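Peer 1: Structure provided below as structure tokens; questions to follow.
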Amino acid sequence: MISKQTTEDARGLRPLIQQLLDEWCKRHKAGFKLKVSEEVVQQDEWTYYIVVPDQGEIRAYDYATALSEVEAALRDQHTENVLLVPALPD
């Protein structure tokens with residue numbers, strides 16, 4: 001079952017995810033920023049955070065690499081069952 005409810009735990013994790021994304025972009029001199037959306041989707045034991053670039057034209061490889069490395073960093077911090085979902089800017 002899919003739930004779009006934003007729980008306290010999910011909201012509490014957003015700042016950490018944003019910090020890790022900001023650090024990744026700075027460390028790799030990416031030339032773009034990635035922002036975690038306010039919307040959080042929970043399905044079963046997984047929590048999905050939607051991540052949007054600040055510009056429309058970024059390389060898919062860079063985008064995917066950033067998200068996968070941040071997910072790995074979250075797992076290293078014992079935060080499991082979190083997936084970062086790429087989305088296009090409005």
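Labels for the structure tokens follow display order: chains A, B, ..., residues from 1 in each chain, ligands from 1.
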Any chance you could list, as a ChimeraX atom specification, the residues in chain A that come up helix (DSSP H, G or I) when DSSP is run on the backbone?

Peer 2: /A:8-27,60-76

Peer 1: Pull C-alpha atoms from the residues just selected and write them as a PDB file, in the first residue's frame.

Peer 2:
```pdb
ATOM      1  CA  GLU A   8       8.208  12.709  11.811  1.00  0.00           C
ATOM      2  CA  ASP A   9      10.962  10.219  11.009  1.00  0.00           C
ATOM      3  CA  ALA A  10      10.810  10.965   7.302  1.00  0.00           C
ATOM      4  CA  ARG A  11      10.825  14.721   7.863  1.00  0.00           C
ATOM      5  CA  GLY A  12      13.705  14.358  10.295  1.00  0.00           C
ATOM      6  CA  LEU A  13      15.820  12.603   7.688  1.00  0.00           C
ATOM      7  CA  ARG A  14      15.304  15.258   4.983  1.00  0.00           C
ATOM      8  CA  PRO A  15      17.917  17.695   6.393  1.00  0.00           C
ATOM      9  CA  LEU A  16      20.558  14.956   6.500  1.00  0.00           C
ATOM     10  CA  ILE A  17      19.803  13.933   2.912  1.00  0.00           C
ATOM     11  CA  GLN A  18      19.965  17.578   1.800  1.00  0.00           C
ATOM     12  CA  GLN A  19      23.284  18.035   3.606  1.00  0.00           C
ATOM     13  CA  LEU A  20      24.764  14.951   1.922  1.00  0.00           C
ATOM     14  CA  LEU A  21      23.550  16.115  -1.504  1.00  0.00           C
ATOM     15  CA  ASP A  22      25.007  19.596  -0.932  1.00  0.00           C
ATOM     16  CA  GLU A  23      28.340  18.102   0.138  1.00  0.00           C
ATOM     17  CA  TRP A  24      28.400  15.828  -2.918  1.00  0.00           C
ATOM     18  CA  CYS A  25      27.742  18.725  -5.317  1.00  0.00           C
ATOM     19  CA  LYS A  26      30.430  20.852  -3.662  1.00  0.00           C
ATOM     20  CA  ARG A  27      33.009  18.041  -3.511  1.00  0.00           C
ATOM     21  CA  ALA A  60      22.114  11.781 -16.294  1.00  0.00           C
ATOM     22  CA  TYR A  61      25.335  10.025 -15.259  1.00  0.00           C
ATOM     23  CA  ASP A  62      26.185  12.779 -12.742  1.00  0.00           C
ATOM     24  CA  TYR A  63      22.625  12.791 -11.401  1.00  0.00           C
ATOM     25  CA  ALA A  64      22.549   9.005 -10.950  1.00  0.00           C
ATOM     26  CA  THR A  65      26.030   8.950  -9.416  1.00  0.00           C
ATOM     27  CA  ALA A  66      25.111  11.628  -6.869  1.00  0.00           C
ATOM     28  CA  LEU A  67      21.952   9.814  -5.792  1.00  0.00           C
ATOM     29  CA  SER A  68      23.630   6.407  -5.536  1.00  0.00           C
ATOM     30  CA  GLU A  69      26.573   7.768  -3.524  1.00  0.00           C
ATOM     31  CA  VAL A  70      24.265   9.593  -1.119  1.00  0.00           C
ATOM     32  CA  GLU A  71      22.140   6.440  -0.698  1.00  0.00           C
ATOM     33  CA  ALA A  72      25.355   4.520   0.103  1.00  0.00           C
ATOM     34  CA  ALA A  73      26.339   7.171   2.664  1.00  0.00           C
ATOM     35  CA  LEU A  74      22.916   6.831   4.293  1.00  0.00           C
ATOM     36  CA  ARG A  75      23.342   3.057   4.497  1.00  0.00           C
ATOM     37  CA  ASP A  76      26.786   3.584   6.082  1.00  0.00           C
TER      38      ASP A  76
END
```

Peer 1: Please, what distance in Å, to one decimal, runs between atom CA of Thr47 of chain A and atom CA of Arg59 of chain A?

Peer 2: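 Atom CA of Arg59 of chain A lies at a distance of 25.3 Å from atom CA of Thr47 of chain A.
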
Peer 1: Return as a list of chain:residue names the full set of residues in chain A whose backbone-based DSSP assignment is strand (DSSP E).

Peer 2: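 For chain A, the strand (DSSP E) set is A:Ile2, A:Ser3, A:Leu34, A:Lys35, A:Val36, A:Ser37, A:Glu38, A:Glu39, A:Val40, A:Val41, A:Gln42, A:Gln43, A:Trp46, A:Thr47, A:Tyr48, A:Tyr49, A:Ile50, A:Val51, A:Val52, A:Pro53, A:Val82, A:Leu83, A:Leu84, A:Val85, A:Pro86.
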
Peer 1: Next, the residues of the selection above should be written as a short mmCIF file (atom, residue, chain, number, x, y, z; two decimals), in the first residue's frame with N, CA and C atoms.

Peer 2:
```cif
data_model
loop_
_atom_site.label_atom_id
_atom_site.label_comp_id
_atom_site.auth_asym_id
_atom_site.auth_seq_id
_atom_site.Cartn_x
_atom_site.Cartn_y
_atom_site.Cartn_z
N ILE A 2 0.52 2.24 -0.78
CA ILE A 2 1.27 3.48 -0.87
C ILE A 2 0.66 4.51 0.05
N SER A 3 1.52 5.19 0.81
CA SER A 3 1.07 6.25 1.68
C SER A 3 1.91 7.49 1.38
N LEU A 34 21.17 19.87 -6.04
CA LEU A 34 20.06 18.93 -5.96
C LEU A 34 19.27 19.23 -4.70
N LYS A 35 17.96 19.28 -4.84
CA LYS A 35 17.08 19.62 -3.72
C LYS A 35 16.12 18.47 -3.43
N VAL A 36 15.96 18.18 -2.15
CA VAL A 36 15.02 17.15 -1.71
C VAL A 36 13.63 17.80 -1.62
N SER A 37 12.67 17.21 -2.30
CA SER A 37 11.29 17.70 -2.29
C SER A 37 10.68 17.51 -0.91
N GLU A 38 9.65 18.29 -0.63
CA GLU A 38 8.91 18.15 0.63
C GLU A 38 8.11 16.86 0.67
N GLU A 39 7.75 16.36 -0.51
CA GLU A 39 6.92 15.16 -0.58
C GLU A 39 7.74 13.91 -0.29
N VAL A 40 7.22 13.08 0.59
CA VAL A 40 7.85 11.81 0.93
C VAL A 40 6.82 10.72 0.69
N VAL A 41 7.23 9.68 -0.01
CA VAL A 41 6.33 8.57 -0.29
C VAL A 41 6.82 7.34 0.45
N GLN A 42 5.93 6.71 1.19
CA GLN A 42 6.29 5.50 1.93
C GLN A 42 5.48 4.33 1.38
N GLN A 43 6.20 3.26 1.10
CA GLN A 43 5.56 2.04 0.60
C GLN A 43 6.24 0.87 1.28
N TRP A 46 9.89 0.86 2.72
CA TRP A 46 10.73 1.80 1.99
C TRP A 46 10.20 3.22 2.08
N THR A 47 11.13 4.17 2.13
CA THR A 47 10.78 5.58 2.10
C THR A 47 11.48 6.20 0.88
N TYR A 48 10.69 6.86 0.05
CA TYR A 48 11.19 7.46 -1.20
C TYR A 48 11.21 8.97 -1.06
N TYR A 49 12.37 9.56 -1.34
CA TYR A 49 12.53 11.01 -1.34
C TYR A 49 12.75 11.45 -2.77
N ILE A 50 11.99 12.41 -3.20
CA ILE A 50 12.11 12.91 -4.57
C ILE A 50 13.18 14.00 -4.58
N VAL A 51 14.12 13.87 -5.52
CA VAL A 51 15.24 14.81 -5.62
C VAL A 51 15.18 15.48 -6.99
N VAL A 52 15.26 16.81 -6.98
CA VAL A 52 15.12 17.60 -8.20
C VAL A 52 16.36 18.48 -8.38
N PRO A 53 16.93 18.52 -9.60
CA PRO A 53 18.05 19.43 -9.84
C PRO A 53 17.56 20.87 -9.96
N VAL A 82 15.94 3.53 2.27
CA VAL A 82 15.71 4.86 1.74
C VAL A 82 16.15 4.86 0.28
N LEU A 83 15.28 5.34 -0.58
CA LEU A 83 15.60 5.47 -2.00
C LEU A 83 15.41 6.92 -2.42
N LEU A 84 16.37 7.44 -3.16
CA LEU A 84 16.27 8.79 -3.71
C LEU A 84 15.81 8.68 -5.15
N VAL A 85 14.73 9.34 -5.46
CA VAL A 85 14.08 9.23 -6.76
C VAL A 85 14.37 10.48 -7.59
N PRO A 86 15.00 10.32 -8.75
CA PRO A 86 15.27 11.51 -9.57
C PRO A 86 13.99 12.02 -10.23
#
```

Peer 1: Considering only C-alpha atoms, state which residue in the set A:Leu88, A:Glu80, A:His28, A:Asp44 is at the smallest distance from Glu57 of chain A.

Peer 2: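 Closest residue, counting only C-alpha atoms: A:Leu88.
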